[in-house]
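Structure below is input.txt: compact mmCIF, C-alpha atoms and all ligand atoms.
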```txt
# COMPACT_ATOMS: atom_id res chain seq x y z
CA MET A 1 -8.40 1.10 -19.96
CA ARG A 2 -5.68 -1.15 -21.31
CA ARG A 3 -2.28 -1.94 -19.81
CA ARG A 4 0.16 -0.37 -22.25
CA GLN A 5 3.50 1.31 -22.57
CA THR A 6 2.85 5.03 -22.86
CA ASP A 7 2.95 6.58 -26.31
CA ASP A 8 3.81 9.88 -24.64
CA ASN A 9 7.62 9.96 -24.89
CA ARG A 10 7.91 13.10 -22.78
CA PHE A 11 8.17 10.98 -19.65
CA PHE A 12 11.24 9.06 -20.77
CA PHE A 13 14.89 9.97 -20.93
CA ARG A 14 17.25 7.30 -22.27
CA ASN A 15 14.47 4.71 -21.88
CA MET A 16 14.01 5.48 -18.17
CA LEU A 17 11.21 7.45 -16.53
CA ASP A 18 12.37 11.04 -16.33
CA PRO A 19 11.52 12.28 -12.82
CA TYR A 20 12.10 15.90 -13.83
CA THR A 21 9.32 15.71 -16.43
CA ILE A 22 7.13 13.85 -13.95
CA ARG A 23 7.62 16.69 -11.45
CA GLU A 24 6.00 19.14 -13.81
CA ASP A 25 2.77 17.28 -12.97
CA PHE A 26 3.26 17.80 -9.21
CA SER A 27 2.68 21.47 -8.30
CA ILE A 28 3.72 20.79 -4.72
CA TYR A 29 7.38 21.00 -5.79
CA LYS A 30 7.20 24.58 -7.04
CA ASN A 31 4.71 25.61 -4.36
CA TYR A 32 7.04 24.36 -1.63
CA THR A 33 9.95 26.31 -3.07
CA ALA A 34 7.81 29.44 -3.45
CA ASP A 35 6.68 29.12 0.20
CA THR A 36 10.00 28.23 1.83
CA ASN A 37 12.75 29.17 -0.57
CA LYS A 38 13.99 25.59 -0.23
CA LYS A 39 14.00 22.62 -2.55
CA LEU A 40 11.59 19.86 -1.56
CA VAL A 41 13.41 16.54 -1.17
CA TYR A 42 10.50 14.20 -0.54
CA LEU A 43 11.79 10.81 0.61
CA ASP A 44 8.77 9.79 2.71
CA CYS A 45 6.77 8.15 -0.09
CA ALA A 46 6.08 4.97 1.92
CA SER A 47 4.32 7.06 4.51
CA SER A 48 2.22 8.79 1.87
CA SER A 49 3.00 9.59 -1.73
CA LEU A 50 2.64 12.97 -3.37
CA THR A 51 -0.37 13.46 -5.64
CA PRO A 52 -0.23 14.65 -9.26
CA ASP A 53 -2.29 17.68 -10.20
CA VAL A 54 -4.51 15.67 -12.53
CA VAL A 55 -5.85 13.67 -9.57
CA VAL A 56 -6.70 16.87 -7.71
CA THR A 57 -8.34 18.29 -10.86
CA ASP A 58 -10.45 15.16 -11.40
CA MET A 59 -11.61 15.26 -7.78
CA SER A 60 -12.34 18.95 -8.03
CA LEU A 61 -14.40 18.40 -11.23
CA TYR A 62 -16.67 16.15 -9.22
CA TYR A 63 -17.31 18.96 -6.73
CA THR A 64 -17.66 21.73 -9.32
CA GLN A 65 -19.46 19.90 -12.15
CA TYR A 66 -21.47 16.91 -10.96
CA ARG A 67 -21.61 16.96 -7.16
CA SER A 68 -24.40 14.57 -6.13
CA ASN A 69 -24.89 11.20 -4.49
CA ILE A 70 -24.64 7.85 -6.28
CA GLU A 71 -26.98 4.84 -6.31
CA ARG A 72 -29.95 6.90 -5.12
CA SER A 73 -31.37 9.34 -7.68
CA SER A 74 -31.71 9.55 -11.45
CA PHE A 75 -31.19 13.25 -12.23
CA GLY A 76 -28.36 14.13 -14.63
CA LEU A 77 -25.67 15.01 -12.08
CA ALA A 78 -26.32 11.80 -10.14
CA GLN A 79 -26.14 9.75 -13.33
CA ARG A 80 -22.78 11.31 -14.18
CA ALA A 81 -21.43 10.67 -10.66
CA LYS A 82 -22.55 7.05 -10.84
CA LEU A 83 -21.01 6.61 -14.28
CA GLU A 84 -17.66 8.04 -13.10
CA CYS A 85 -17.67 5.75 -10.03
CA ASP A 86 -18.54 2.71 -12.15
CA LEU A 87 -15.70 3.56 -14.55
CA ALA A 88 -13.39 4.08 -11.60
CA ARG A 89 -14.22 0.66 -10.15
CA LYS A 90 -13.60 -0.89 -13.56
CA ASP A 91 -10.19 0.76 -14.03
CA ILE A 92 -9.02 0.05 -10.48
CA ALA A 93 -10.15 -3.59 -10.74
CA GLN A 94 -8.33 -3.97 -14.04
CA PHE A 95 -5.18 -2.49 -12.52
CA ILE A 96 -4.87 -5.53 -10.20
CA ASN A 97 -6.54 -7.91 -12.69
CA ALA A 98 -9.71 -8.34 -10.63
CA SER A 99 -13.33 -7.96 -11.70
CA THR A 100 -15.60 -5.17 -10.59
CA ASP A 101 -17.80 -7.47 -8.51
CA GLU A 102 -14.79 -8.38 -6.37
CA LEU A 103 -13.85 -4.83 -5.32
CA ILE A 104 -15.14 -3.12 -2.18
CA PHE A 105 -14.23 0.51 -1.48
CA THR A 106 -13.04 1.21 2.05
CA SER A 107 -11.55 4.23 3.80
CA GLY A 108 -8.07 2.71 3.53
CA ALA A 109 -6.02 -0.41 4.24
CA THR A 110 -6.62 -0.25 8.00
CA ASP A 111 -10.38 -0.13 7.52
CA ALA A 112 -10.10 -3.03 5.05
CA ALA A 113 -7.99 -5.11 7.47
CA ASN A 114 -10.56 -4.55 10.22
CA LYS A 115 -13.39 -5.55 7.88
CA VAL A 116 -11.61 -8.72 6.74
CA VAL A 117 -11.04 -9.90 10.30
CA ASP A 118 -14.73 -9.35 11.07
CA MET A 119 -15.83 -11.10 7.86
CA ILE A 120 -13.74 -14.22 8.33
CA THR A 121 -14.54 -14.61 12.01
CA GLN A 122 -18.29 -14.11 11.52
CA VAL A 123 -18.62 -17.21 9.36
CA GLN A 124 -19.81 -20.04 11.60
CA SER A 125 -17.36 -22.89 12.07
CA ALA A 126 -17.09 -25.85 14.43
CA ARG A 127 -13.86 -24.56 15.97
CA PRO A 128 -12.28 -21.10 16.32
CA VAL A 129 -10.82 -19.76 13.07
CA ARG A 130 -7.01 -20.12 12.99
CA ILE A 131 -4.96 -17.26 11.61
CA LEU A 132 -1.24 -17.24 10.86
CA THR A 133 0.65 -14.01 10.29
CA SER A 134 4.23 -12.75 10.46
CA ILE A 135 5.93 -10.45 12.94
CA ALA A 136 6.77 -8.15 10.02
CA GLU A 137 3.18 -7.07 9.39
CA HIS A 138 2.17 -3.44 9.59
CA HIS A 139 0.14 -2.36 12.65
CA SER A 140 -2.96 -2.13 10.43
CA VAL A 141 -2.93 -5.94 10.45
CA PHE A 142 -0.91 -6.74 13.55
CA VAL A 143 -2.79 -4.56 16.03
CA THR A 144 -6.14 -5.44 14.46
CA LEU A 145 -5.51 -9.19 14.75
CA LEU A 146 -4.31 -8.94 18.35
CA GLN A 147 -6.97 -6.53 19.55
CA LYS A 148 -10.08 -8.05 17.96
CA LYS A 149 -9.06 -11.37 19.52
CA VAL A 150 -9.86 -9.89 22.93
CA TYR A 151 -13.58 -10.11 22.20
CA THR A 152 -13.85 -12.51 19.23
CA ASN A 153 -13.18 -16.22 19.31
CA TYR A 154 -10.27 -16.89 16.95
CA GLU A 155 -6.62 -17.88 17.31
CA VAL A 156 -3.50 -16.18 15.99
CA GLU A 157 -0.01 -17.61 15.59
CA PHE A 158 3.11 -15.83 14.34
CA ILE A 159 5.92 -16.66 12.00
CA SER A 160 9.32 -15.02 12.41
CA VAL A 161 11.32 -13.31 9.66
CA ASP A 162 15.00 -12.82 8.84
CA GLU A 163 17.01 -9.59 9.20
CA THR A 164 15.53 -8.07 6.03
CA ALA A 165 11.95 -9.22 6.78
CA GLY A 166 12.37 -12.18 4.42
CA ILE A 167 10.45 -15.42 5.00
CA SER A 168 11.88 -18.62 3.58
CA CYS A 169 9.33 -20.82 1.82
CA GLU A 170 10.59 -23.86 3.76
CA ILE A 171 10.00 -22.24 7.16
CA PHE A 172 6.67 -20.90 5.91
CA GLU A 173 5.48 -24.32 4.77
CA HIS A 174 6.71 -26.00 7.94
CA LYS A 175 4.71 -23.54 10.07
CA ILE A 176 1.57 -24.02 8.01
CA LYS A 177 1.86 -27.78 8.19
CA GLU A 178 2.27 -27.60 11.96
CA TYR A 179 -0.33 -24.92 12.83
CA LYS A 180 -2.95 -25.71 10.14
CA PRO A 181 -4.30 -22.16 9.73
CA ASP A 182 -7.55 -21.31 7.96
CA TYR A 183 -6.15 -17.93 6.85
CA VAL A 184 -2.65 -16.57 6.38
CA PHE A 185 -2.23 -12.77 6.60
CA MET A 186 0.84 -11.76 4.67
CA GLN A 187 2.02 -8.48 3.19
CA TYR A 188 3.01 -8.14 -0.47
CA ALA A 189 5.82 -5.72 0.32
CA ASN A 190 7.33 -4.55 3.57
CA ASN A 191 7.31 -0.88 4.62
CA VAL A 192 10.59 -0.98 6.60
CA THR A 193 13.05 -3.05 4.55
CA GLY A 194 11.25 -2.72 1.20
CA ALA A 195 11.09 -6.53 0.83
CA VAL A 196 8.86 -7.63 -2.04
CA TYR A 197 7.65 -11.20 -1.55
CA LYS A 198 7.12 -13.53 -4.50
CA MET A 199 3.50 -13.92 -3.57
CA SER A 200 2.68 -16.78 -5.96
CA ASP A 201 5.20 -19.02 -4.14
CA TYR A 202 3.45 -18.42 -0.82
CA THR A 203 -0.11 -18.70 -2.13
CA LYS A 204 0.70 -22.09 -3.67
CA ILE A 205 1.84 -23.37 -0.28
CA VAL A 206 -1.16 -21.84 1.51
CA HIS A 207 -3.61 -23.40 -0.94
CA SER A 208 -1.94 -26.79 -0.83
CA TYR A 209 -2.91 -26.91 2.88
CA ASN A 210 -6.48 -25.76 2.15
CA ALA A 211 -6.01 -22.34 3.72
CA GLN A 212 -6.62 -18.91 2.19
CA ILE A 213 -4.34 -15.93 1.87
CA VAL A 214 -5.15 -12.38 2.97
CA CYS A 215 -2.63 -10.00 1.47
CA ASP A 216 -1.83 -6.47 2.65
CA ALA A 217 -0.65 -4.89 -0.61
CA SER A 218 -0.50 -1.28 0.63
CA GLN A 219 3.21 -0.97 -0.08
CA ALA A 220 2.95 -2.81 -3.38
CA VAL A 221 0.04 -1.65 -5.56
CA GLY A 222 1.23 1.22 -7.73
CA HIS A 223 4.86 0.26 -7.04
CA VAL A 224 5.26 -3.32 -8.24
CA HIS A 225 3.18 -5.50 -10.51
CA VAL A 226 0.27 -6.96 -8.51
CA ASP A 227 -1.98 -9.42 -10.32
CA VAL A 228 -4.51 -11.16 -8.08
CA GLU A 229 -5.24 -13.85 -10.69
CA LYS A 230 -1.66 -14.73 -11.49
CA ASP A 231 -0.64 -14.58 -7.82
CA GLU A 232 -3.76 -16.59 -6.86
CA ILE A 233 -4.61 -14.21 -4.05
CA ASP A 234 -7.89 -14.79 -2.21
CA ILE A 235 -8.25 -11.49 -0.37
CA LEU A 236 -6.14 -8.34 -0.78
CA PHE A 237 -6.31 -4.73 0.31
CA PHE A 238 -4.47 -1.45 -0.23
CA SER A 239 -4.72 2.31 0.30
CA GLY A 240 -4.92 5.03 -2.33
CA HIS A 241 -2.64 7.48 -0.55
CA LYS A 242 0.57 5.44 -1.06
CA MET A 243 0.07 5.26 -4.83
CA LEU A 244 -0.53 8.90 -5.86
CA GLY A 245 -4.20 8.86 -4.87
CA PRO A 246 -6.05 10.82 -2.21
CA THR A 247 -6.16 9.98 1.49
CA GLY A 248 -9.26 8.30 2.92
CA ILE A 249 -9.84 5.77 0.15
CA GLY A 250 -8.80 2.14 -0.07
CA VAL A 251 -9.78 -1.09 -1.74
CA LEU A 252 -10.65 -4.52 -0.44
CA TYR A 253 -10.46 -7.21 -3.11
CA CYS A 254 -12.13 -10.52 -2.35
CA ARG A 255 -12.34 -13.43 -4.79
CA LYS A 256 -15.99 -13.77 -5.84
CA ASN A 257 -16.65 -17.29 -4.53
CA ILE A 258 -15.18 -16.29 -1.16
CA LEU A 259 -17.05 -12.99 -0.96
CA GLU A 260 -20.33 -14.84 -1.45
CA GLN A 261 -19.79 -16.61 1.88
CA PHE A 262 -19.24 -13.39 3.82
CA HIS A 263 -21.75 -11.11 5.51
CA PRO A 264 -21.54 -7.32 5.73
CA THR A 265 -19.77 -6.02 8.82
CA THR A 266 -21.09 -2.48 8.67
CA TYR A 267 -24.71 -1.59 8.00
CA GLY A 268 -26.83 1.24 6.67
CA GLY A 269 -28.56 2.68 3.62
CA GLY A 270 -27.64 1.95 0.02
CA ALA A 271 -26.76 -1.68 0.78
CA VAL A 272 -30.28 -3.03 1.19
CA GLU A 273 -33.11 -4.07 -1.18
CA SER A 274 -35.94 -3.93 1.34
CA VAL A 275 -36.38 -3.30 5.04
CA SER A 276 -39.29 -4.18 7.30
CA LEU A 277 -39.64 -4.57 11.04
CA ARG A 278 -38.94 -8.28 10.75
CA HIS A 279 -36.65 -8.71 7.76
CA ILE A 280 -33.80 -6.98 5.94
CA GLU A 281 -32.93 -8.02 2.43
CA PHE A 282 -29.40 -7.01 1.51
CA THR A 283 -28.32 -5.98 -1.98
CA GLN A 284 -26.43 -8.68 -3.85
CA GLY A 285 -22.77 -8.29 -4.79
CA VAL A 286 -20.21 -5.81 -3.52
CA LYS A 287 -22.71 -3.02 -2.84
CA ARG A 288 -23.95 -4.82 0.26
CA PHE A 289 -20.51 -4.21 1.76
CA GLU A 290 -20.62 -0.47 1.01
CA PRO A 291 -23.39 1.04 3.16
CA GLY A 292 -23.77 4.82 3.51
CA THR A 293 -22.63 7.51 1.13
CA GLN A 294 -19.28 6.53 -0.29
CA ASN A 295 -16.13 8.65 -0.58
CA ILE A 296 -17.11 9.58 -4.14
CA SER A 297 -14.31 12.08 -4.80
CA GLY A 298 -11.85 9.60 -3.27
CA ILE A 299 -12.98 6.84 -5.62
CA ILE A 300 -12.66 9.21 -8.59
CA GLY A 301 -9.23 10.36 -7.35
CA LEU A 302 -7.94 6.82 -6.93
CA ALA A 303 -9.02 5.88 -10.46
CA SER A 304 -7.34 9.03 -11.72
CA ALA A 305 -4.09 7.97 -9.98
CA VAL A 306 -4.30 4.53 -11.63
CA ARG A 307 -4.82 6.15 -15.05
CA TYR A 308 -1.88 8.48 -14.41
CA ILE A 309 0.40 5.51 -13.68
CA GLU A 310 -0.72 3.89 -16.93
CA HIS A 311 -0.20 7.18 -18.76
CA ILE A 312 3.44 7.50 -17.70
CA GLY A 313 4.30 3.97 -18.84
CA GLY A 314 2.68 1.64 -16.34
CA ILE A 315 4.14 -0.38 -13.50
CA ALA A 316 7.10 -1.63 -15.56
CA ALA A 317 8.34 1.96 -15.90
CA VAL A 318 7.69 2.68 -12.20
CA GLU A 319 9.62 -0.43 -11.14
CA ALA A 320 12.58 0.31 -13.41
CA HIS A 321 12.87 3.85 -12.04
CA SER A 322 12.57 2.65 -8.46
CA GLU A 323 15.34 0.10 -8.98
CA ASP A 324 17.60 2.70 -10.56
CA ILE A 325 17.18 5.10 -7.61
CA PHE A 326 17.48 2.24 -5.09
CA LYS A 327 20.84 1.11 -6.50
CA TYR A 328 22.13 4.66 -6.66
CA ALA A 329 21.03 5.34 -3.06
CA LEU A 330 22.77 2.18 -1.81
CA SER A 331 26.01 3.14 -3.51
CA ARG A 332 25.88 6.66 -2.06
CA LEU A 333 24.85 5.62 1.49
CA SER A 334 27.79 3.23 1.59
CA GLN A 335 30.08 6.29 1.53
CA ILE A 336 28.84 7.58 4.90
CA ASP A 337 30.81 6.78 8.06
CA ARG A 338 29.14 4.97 10.95
CA LEU A 339 25.88 4.57 9.08
CA HIS A 340 24.24 1.14 8.99
CA TYR A 341 21.51 0.43 6.54
CA ILE A 342 18.90 -2.29 6.25
CA PHE A 343 17.20 -3.29 3.03
CA ALA A 344 15.86 -6.30 1.20
CA PRO A 345 17.50 -7.04 -2.17
CA LYS A 346 14.16 -7.47 -4.01
CA ASN A 347 12.91 -4.04 -3.09
CA CYS A 348 10.00 -1.66 -3.68
CA GLY A 349 12.02 1.53 -3.10
CA ILE A 350 12.67 1.61 0.66
CA ILE A 351 15.90 1.70 2.71
CA SER A 352 16.10 2.10 6.50
CA PHE A 353 19.21 3.12 8.41
CA TYR A 354 20.70 4.31 11.68
CA PHE A 355 23.86 6.02 12.84
CA GLU A 356 25.96 4.45 15.57
CA HIS A 357 26.26 7.84 17.28
CA VAL A 358 23.17 9.92 16.43
CA HIS A 359 19.58 9.31 17.54
CA THR A 360 17.16 8.67 14.66
CA HIS A 361 14.83 11.47 15.76
CA ASP A 362 17.73 13.96 15.69
CA VAL A 363 18.50 12.76 12.16
CA GLU A 364 14.89 13.31 11.08
CA ALA A 365 14.68 16.75 12.72
CA ILE A 366 17.91 18.04 11.15
CA LEU A 367 16.94 16.71 7.73
CA ALA A 368 13.48 18.25 8.07
CA ASP A 369 15.09 21.62 8.70
CA SER A 370 16.77 21.45 5.31
CA GLY A 371 13.65 20.41 3.41
CA VAL A 372 14.50 16.69 3.35
CA ALA A 373 11.39 14.69 4.31
CA VAL A 374 12.01 11.27 5.87
CA ARG A 375 10.39 9.24 8.66
CA SER A 376 12.11 7.98 11.83
CA GLY A 377 10.88 5.56 14.47
CA TYR A 378 9.13 2.20 14.33
CA HIS A 379 7.17 2.82 11.11
CA CYS A 380 3.93 1.24 12.41
CA ALA A 381 5.83 -2.06 12.43
CA GLU A 382 7.29 -2.10 15.92
CA THR A 383 7.64 -5.88 16.27
CA LEU A 384 9.67 -6.00 13.07
CA VAL A 385 11.91 -3.03 13.87
CA ARG A 386 12.65 -4.40 17.35
CA HIS A 387 13.44 -7.77 15.76
CA ILE A 388 15.93 -6.43 13.21
CA SER A 389 17.46 -3.46 15.02
CA ASP A 390 18.53 -2.34 18.49
CA THR A 391 17.38 1.18 17.74
CA PRO A 392 14.50 2.87 15.89
CA LEU A 393 15.26 3.48 12.23
CA THR A 394 15.27 6.38 9.81
CA ARG A 395 13.63 5.43 6.55
CA ILE A 396 13.91 6.81 3.03
CA SER A 397 11.39 5.79 0.40
CA PHE A 398 11.23 6.62 -3.29
CA TYR A 399 8.70 7.02 -6.07
CA ILE A 400 8.40 8.21 -9.65
CA TYR A 401 9.40 11.81 -8.86
CA THR A 402 12.56 10.93 -6.89
CA THR A 403 15.79 12.09 -8.55
CA LYS A 404 19.44 11.15 -8.02
CA GLU A 405 19.92 14.77 -7.03
CA ASP A 406 17.51 14.14 -4.10
CA ILE A 407 19.78 11.32 -2.98
CA ASP A 408 22.87 13.53 -3.32
CA ILE A 409 21.26 16.22 -1.15
CA LEU A 410 20.30 13.60 1.45
CA VAL A 411 23.77 12.09 1.50
CA SER A 412 25.51 15.44 1.86
CA LYS A 413 23.19 16.30 4.82
CA LEU A 414 23.84 12.90 6.41
CA GLN A 415 27.58 13.47 6.08
CA GLU A 416 27.18 16.83 7.85
CA ILE A 417 25.11 15.16 10.61
CA SER A 418 27.67 12.42 11.08
CA ALA A 419 30.47 14.99 11.46
CA LEU A 420 28.40 17.30 13.71
CA PHE A 421 27.84 14.60 16.33
CA ASN A 422 31.41 13.32 16.27
N1 LIG B 501 2.23 2.90 6.72
C1 LIG B 501 2.84 4.17 6.64
C2 LIG B 501 4.35 4.10 6.80
O1 LIG B 501 4.91 3.06 6.55
C3 LIG B 501 2.20 5.20 7.44
O2 LIG B 501 4.95 5.07 7.14
```
Just give me the structure as structure tokens.
Ligand code: ALA
Amino acid sequence: MRRRQTDDNRFFFRNMLDPYTIREDFSIYKNYTADTNKKLVYLDCASSSLTPDVVVTDMSLYYTQYRSNIERSSFGLAQRAKLECDLARKDIAQFINASTDELIFTSGATDAANKVVDMITQVQSARPVRILTSIAEHHSVFVTLLQKKVYTNYEVEFISVDETAGISCEIFEHKIKEYKPDYVFMQYANNVTGAVYKMSDYTKIVHSYNAQIVCDASQAVGHVHVDVEKDEIDILFFSGHKMLGPTGIGVLYCRKNILEQFHPTTYGGGAVESVSLRHIEFTQGVKRFEPGTQNISGIIGLASAVRYIEHIGGIAAVEAHSEDIFKYALSRLSQIDRLHYIFAPKNCGIISFYFEHVHTHDVEAILADSGVAVRSGYHCAETLVRHISDTPLTRISFYIYTTKEDIDILVSKLQEISALFN
């Protein structure tokens, strides 16, 4: 698969992605209307994206045409399943500019974060491993780092962020110089303010102090251009379900020379060459990190999502559409009385807000009643939300199928809510 601008012009209207054409590929829109008699206004994409029909079809083909296990048997169905999974690994690796022997499939970003912490703390060292992270990290990283520390010998230190979850490079470097971490856990994009970090600036600093970067790219892959080579990222992970793929599948990328130093953290069949009472010989390469039967349909579904993104014009088209909707949403939200919104200027399609006089959960419930899907609360990033706001936040998040009409419907409902609670 090659990165390319699509030659299928159906998806573009005046050089921009046309979300109405995109929607034809998402049956959930018409099914929702048929079921409820309402329009679906899906603005909860950061929680989980919708999935195009082609991904569901590709996953279903696995179950109806070549259902079998991989890496075990040589009959025809098993060969086909293995071939599809190998192709999937290749396309997903290429999507982030990695190679196939650097990609481990996981059940999602949380599973990957847990595995990384185990991997880096299992390597023997003279002193406890030192980890630096920010208070803006998602719970998948934050809770994992704090909780595993209870029974594993490593140290964690935190860096603060500004009111849009930004981290200045000067403060970042100062902290690294002072704390001397071995690893820095840092997200690529933030799920509350939408901040997209210029990762190459941070990795340069991290490497200049001989540390390594572990990047949570769950809110970034499929939304903004992520290139592990160009950004010089050592370890990175993401989930399929935030980028049009199925739930229950994720990816852990680990630069080859680093992966070679790590040991598996979960064990079982399919990851071993030979087993005796006294000795276990593990498979070489990424397979030793993937014991047990894999989520085969999930792997196929995730690759299908990646191919779909390429098909509609690639990440450049996704980013341009996201920026267009983001700017429109900001201009419309500014017309609502007593509404405060929080966003980062370099943004992956996320805005959070609160009313001075209405509780965020009331906002979510009333919107839900009219078919407008948003999320309210702490967004699995409680330390960040408490740092930037006195109240929980309602969040809207966009993707390729979001229209300006969606924003208009949201804004008119928010105006009604504001007046209702006056
Ligand atoms: N991480 C997801 C969110 O931001 C669940 O809502």
- request: Give the answer as one residue: which of A:Val228, A:Cys215, A:Val192, A:Ile249 has the shortest atom-to-atom distance to ligand LIG 501 (chain B), using all atoms listed in the file?
  value: A:Val192
Output as JSON lines one row per residue of region 63-172 of chain A within 12 Å of region 294-298 of chain A: the closest atom pair and its distance in Å to one decimal place, counting all atoms listed in the file, sorted by chain and residue number ascending.
```
{"residue": "A:Tyr63", "atom": "CA", "partner": "A:Ser297", "partner_atom": "CA", "distance": 7.7}
{"residue": "A:Thr64", "atom": "CA", "partner": "A:Ser297", "partner_atom": "CA", "distance": 11.2}
{"residue": "A:Gln65", "atom": "CA", "partner": "A:Ser297", "partner_atom": "CA", "distance": 11.9}
{"residue": "A:Tyr66", "atom": "CA", "partner": "A:Ser297", "partner_atom": "CA", "distance": 10.6}
{"residue": "A:Arg67", "atom": "CA", "partner": "A:Ser297", "partner_atom": "CA", "distance": 9.1}
{"residue": "A:Ser68", "atom": "CA", "partner": "A:Ile296", "partner_atom": "CA", "distance": 9.1}
{"residue": "A:Asn69", "atom": "CA", "partner": "A:Ile296", "partner_atom": "CA", "distance": 8.0}
{"residue": "A:Ile70", "atom": "CA", "partner": "A:Ile296", "partner_atom": "CA", "distance": 8.0}
{"residue": "A:Glu71", "atom": "CA", "partner": "A:Gln294", "partner_atom": "CA", "distance": 9.9}
{"residue": "A:Arg72", "atom": "CA", "partner": "A:Gln294", "partner_atom": "CA", "distance": 11.7}
{"residue": "A:Ala78", "atom": "CA", "partner": "A:Ile296", "partner_atom": "CA", "distance": 11.2}
{"residue": "A:Arg80", "atom": "CA", "partner": "A:Ile296", "partner_atom": "CA", "distance": 11.7}
{"residue": "A:Ala81", "atom": "CA", "partner": "A:Ile296", "partner_atom": "CA", "distance": 7.9}
{"residue": "A:Lys82", "atom": "CA", "partner": "A:Ile296", "partner_atom": "CA", "distance": 9.0}
{"residue": "A:Leu83", "atom": "CA", "partner": "A:Ile296", "partner_atom": "CA", "distance": 11.3}
{"residue": "A:Glu84", "atom": "CA", "partner": "A:Ile296", "partner_atom": "CA", "distance": 9.1}
{"residue": "A:Cys85", "atom": "CA", "partner": "A:Ile296", "partner_atom": "CA", "distance": 7.0}
{"residue": "A:Asp86", "atom": "CA", "partner": "A:Ile296", "partner_atom": "CA", "distance": 10.6}
{"residue": "A:Ala88", "atom": "CA", "partner": "A:Ile296", "partner_atom": "CA", "distance": 10.0}
{"residue": "A:Arg89", "atom": "CA", "partner": "A:Ile296", "partner_atom": "CA", "distance": 11.1}
{"residue": "A:Ile104", "atom": "CA", "partner": "A:Gln294", "partner_atom": "CA", "distance": 10.7}
{"residue": "A:Phe105", "atom": "CA", "partner": "A:Gln294", "partner_atom": "CA", "distance": 7.9}
{"residue": "A:Thr106", "atom": "CA", "partner": "A:Asn295", "partner_atom": "CA", "distance": 8.5}
{"residue": "A:Ser107", "atom": "CA", "partner": "A:Asn295", "partner_atom": "CA", "distance": 7.7}
{"residue": "A:Gly108", "atom": "CA", "partner": "A:Gly298", "partner_atom": "CA", "distance": 10.4}
```
field: Residue neighbourhood Lys230 (chain A), 10 Å, all atoms listed in the file, exclusion window fewer than 2 positions, as an MDAnalysis selection string
entry: chainID A and resid 96:97 199:200 226:228 232:233
Can you tell me which residues come within 6 Å of ligand LIG 501 (chain B) when counting all atoms listed in the file, ideally as an mmCIF file with C-alpha atoms, keeping the file's coordinate frame?
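result_38.cif, written as the output of this step:
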```
data_model
loop_
_atom_site.group_PDB
_atom_site.id
_atom_site.type_symbol
_atom_site.label_atom_id
_atom_site.label_comp_id
_atom_site.auth_asym_id
_atom_site.auth_seq_id
_atom_site.Cartn_x
_atom_site.Cartn_y
_atom_site.Cartn_z
ATOM 1 C CA ALA A 46 6.080 4.970 1.920
ATOM 2 C CA SER A 47 4.320 7.060 4.510
ATOM 3 C CA ASN A 191 7.310 -0.880 4.620
ATOM 4 C CA HIS A 379 7.170 2.820 11.110
#
```
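Coordinates place CA of Ile258 (chain A) at a distance of 11.6 Å from CA of Gly285 (chain A).
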Would you tabulate, counting only C-alpha atoms, all residues of region 166-283 of chain A that have an atom at most 9 Å from an atom of region 117-124 of chain A, showing the closest pair of atoms and their distance in Å to one decimal, sorted by chain then ascending number, as a Markdown table?
```
| residue | atom | partner | partner_atom | distance |
| --- | --- | --- | --- | --- |
| A:Tyr183 | CA | A:Ile120 | CA | 8.6 |
| A:Gln261 | CA | A:Val123 | CA | 7.6 |
| A:Phe262 | CA | A:Met119 | CA | 5.8 |
| A:His263 | CA | A:Met119 | CA | 6.4 |
| A:Pro264 | CA | A:Met119 | CA | 7.2 |
| A:Thr265 | CA | A:Asp118 | CA | 6.4 |
```
Those residues you just picked out, can you put them in a file as a JSON list (two decimals), in the frame of the given file with C-alpha atoms?
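Now in out_23.json:
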```json
[["chain", "number", "residue", "atom", "x", "y", "z"],
["A", 183, "TYR", "CA", -6.15, -17.93, 6.85],
["A", 261, "GLN", "CA", -19.79, -16.61, 1.88],
["A", 262, "PHE", "CA", -19.24, -13.39, 3.82],
["A", 263, "HIS", "CA", -21.75, -11.11, 5.51],
["A", 264, "PRO", "CA", -21.54, -7.32, 5.73],
["A", 265, "THR", "CA", -19.77, -6.02, 8.82]]
```
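Using all atoms listed in the file, the residues found no farther than 9 Å from Leu132 (chain A), other than those of its own chain fewer than 5 positions away, are Glu155, Val156, Glu157, Phe158, Ile159, Lys175, Ile176, Tyr179, Lys180, Pro181, Asp182, Tyr183, Val184, Phe185 and Met186 of chain A.
Nearest residue to Thr33 (chain A), choosing from A:Ala329, A:Ser389, A:Gly166, A:Ser370 and counting all atoms listed in the file: A:Ser370.
Residues of protein, DNA or RNA having at least one counted atom within 8 Å of (13.4, 10.9, -13.4), given all atoms listed in the file, are Phe12, Phe13, Met16, Leu17, Asp18, Pro19, Tyr20, Thr21, Ile22, His321, Ile400, Tyr401, Thr402 and Thr403 of chain A.
One distance worth recording is that between CA of Ala211 (chain A) and CA of Asp101 (chain A), which is 22.6 Å.
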field: Two-atom distance - CA of Val55 (chain A), CA of Leu302 (chain A) (Å)
entry: 7.6 Å
message: Considering only C-alpha atoms, can you say which of A:Val116, A:Ala220, A:Met59, A:Val41 comes closest to Ile235 (chain A)?
response: A:Val116
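For the set A:Ala112, A:Gly301, A:Ser352, A:Thr100, the residue with the smallest atom-to-atom gap to Lys287 (chain A) is A:Thr100, counting all atoms listed in the file.
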query: Can you list, as a list in words, every protein, DNA or RNA residue that comes within 6 Å of Phe237 (chain A) when you count only C-alpha atoms, leaving out same-chain residues fewer than 5 positions away?
result: Ala109, Asp216, Ala217, Val251, Leu252 and Tyr253 of chain A
